[in-house]
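**Student:** Sharing a structure with you now.
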Amino acid sequence: MLARAVNNLFYLYYILIIIRIFLSWIPNTDWEQQPFAWIRSVVDPFLNIFRGIIPPIGMLDISPIVAIILLQILQGIIVRLVSGIGL
């Protein structure tokens with residue numbers, strides 16, 4: 001039960017990252033308005049870790065791809081651990 005909830009939280013975070021990526025392609029997005037400000041405040045701290053390590057290639061920022069891959073690895077580990085202890 002807890003493993004499913006944790007898995008769903010990871011899935012929700014993936015969706016938020018993807019929404020953030022798509023919104024960054026829209027030039028007139030007002031990041032100070034809700035819900036954009038909330039999405040940015042939730043997702044950007046995680047993405048900024050990778051943006052500081054991986055420079056953009058031309059106009060392409062590949063840091064979200066690396067962030068999602070790492071998130072998938074963490075999801076597998078954490079969900080497996082939670083499932084293993086029977087929660």
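In the structure tokens, chains take the letters A, B, ... in the order shown, each chain's residues start at 1, and ligands count up from 1 in the order shown.
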Looking only at the backbone, which of the residues in chain A does DSSP tag as alpha helix (DSSP H), as a ChimeraX atom specification?

**Tutor:** /A:2-24,36-51,63-84

**Student:** Please provide the set of residues having any atom within 9 Å of stretch 53-70 of chain A, restricted to only C-alpha atoms, with same-chain residues fewer than 4 positions apart removed, written as number ranges by chain.

**Tutor:** A: 14, 17-18, 21, 46-49, 74-75

**Student:** For stretch 79-81 of chain A, please output as a list of chain:residue names all residues within 9 Å (counting only C-alpha atoms; exclusion window: fewer than 2 positions along the same chain).

**Tutor:**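 Counting only the stated atoms, we get A:Leu2, A:Ala3, A:Arg4, A:Val6, A:Asn7, A:Leu74, A:Gln75, A:Gly76, A:Ile77, A:Ser83, A:Gly84, A:Ile85, A:Gly86.
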
**Student:** Take the residues just selected and output them with C-alpha atoms as an mmCIF file, in the first residue's frame.

**Tutor:**
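again-v6.cif written:
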data_model
loop_
_atom_site.group_PDB
_atom_site.id
_atom_site.type_symbol
_atom_site.label_atom_id
_atom_site.label_comp_id
_atom_site.auth_asym_id
_atom_site.auth_seq_id
_atom_site.Cartn_x
_atom_site.Cartn_y
_atom_site.Cartn_z
ATOM 1 C CA LEU A 2 2.734 2.482 0.968
ATOM 2 C CA ALA A 3 4.848 1.305 -1.960
ATOM 3 C CA ARG A 4 2.012 2.170 -4.335
ATOM 4 C CA VAL A 6 5.373 6.283 -3.071
ATOM 5 C CA ASN A 7 5.289 5.089 -6.663
ATOM 6 C CA LEU A 74 15.720 6.375 -7.166
ATOM 7 C CA GLN A 75 12.098 5.360 -7.650
ATOM 8 C CA GLY A 76 13.076 1.760 -8.340
ATOM 9 C CA ILE A 77 15.322 1.608 -5.291
ATOM 10 C CA SER A 83 7.920 -3.177 -0.714
ATOM 11 C CA GLY A 84 10.637 -5.338 0.820
ATOM 12 C CA ILE A 85 9.861 -4.248 4.367
ATOM 13 C CA GLY A 86 6.185 -4.969 3.780
#

**Student:** Here is a test: counting only C-alpha atoms, which residue of A:Glu32, A:Trp25, A:Ile78, A:Leu71 is nearest to A:Leu12?

**Tutor:**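 With only C-alpha atoms as the atom set, the closest residue is A:Leu71.
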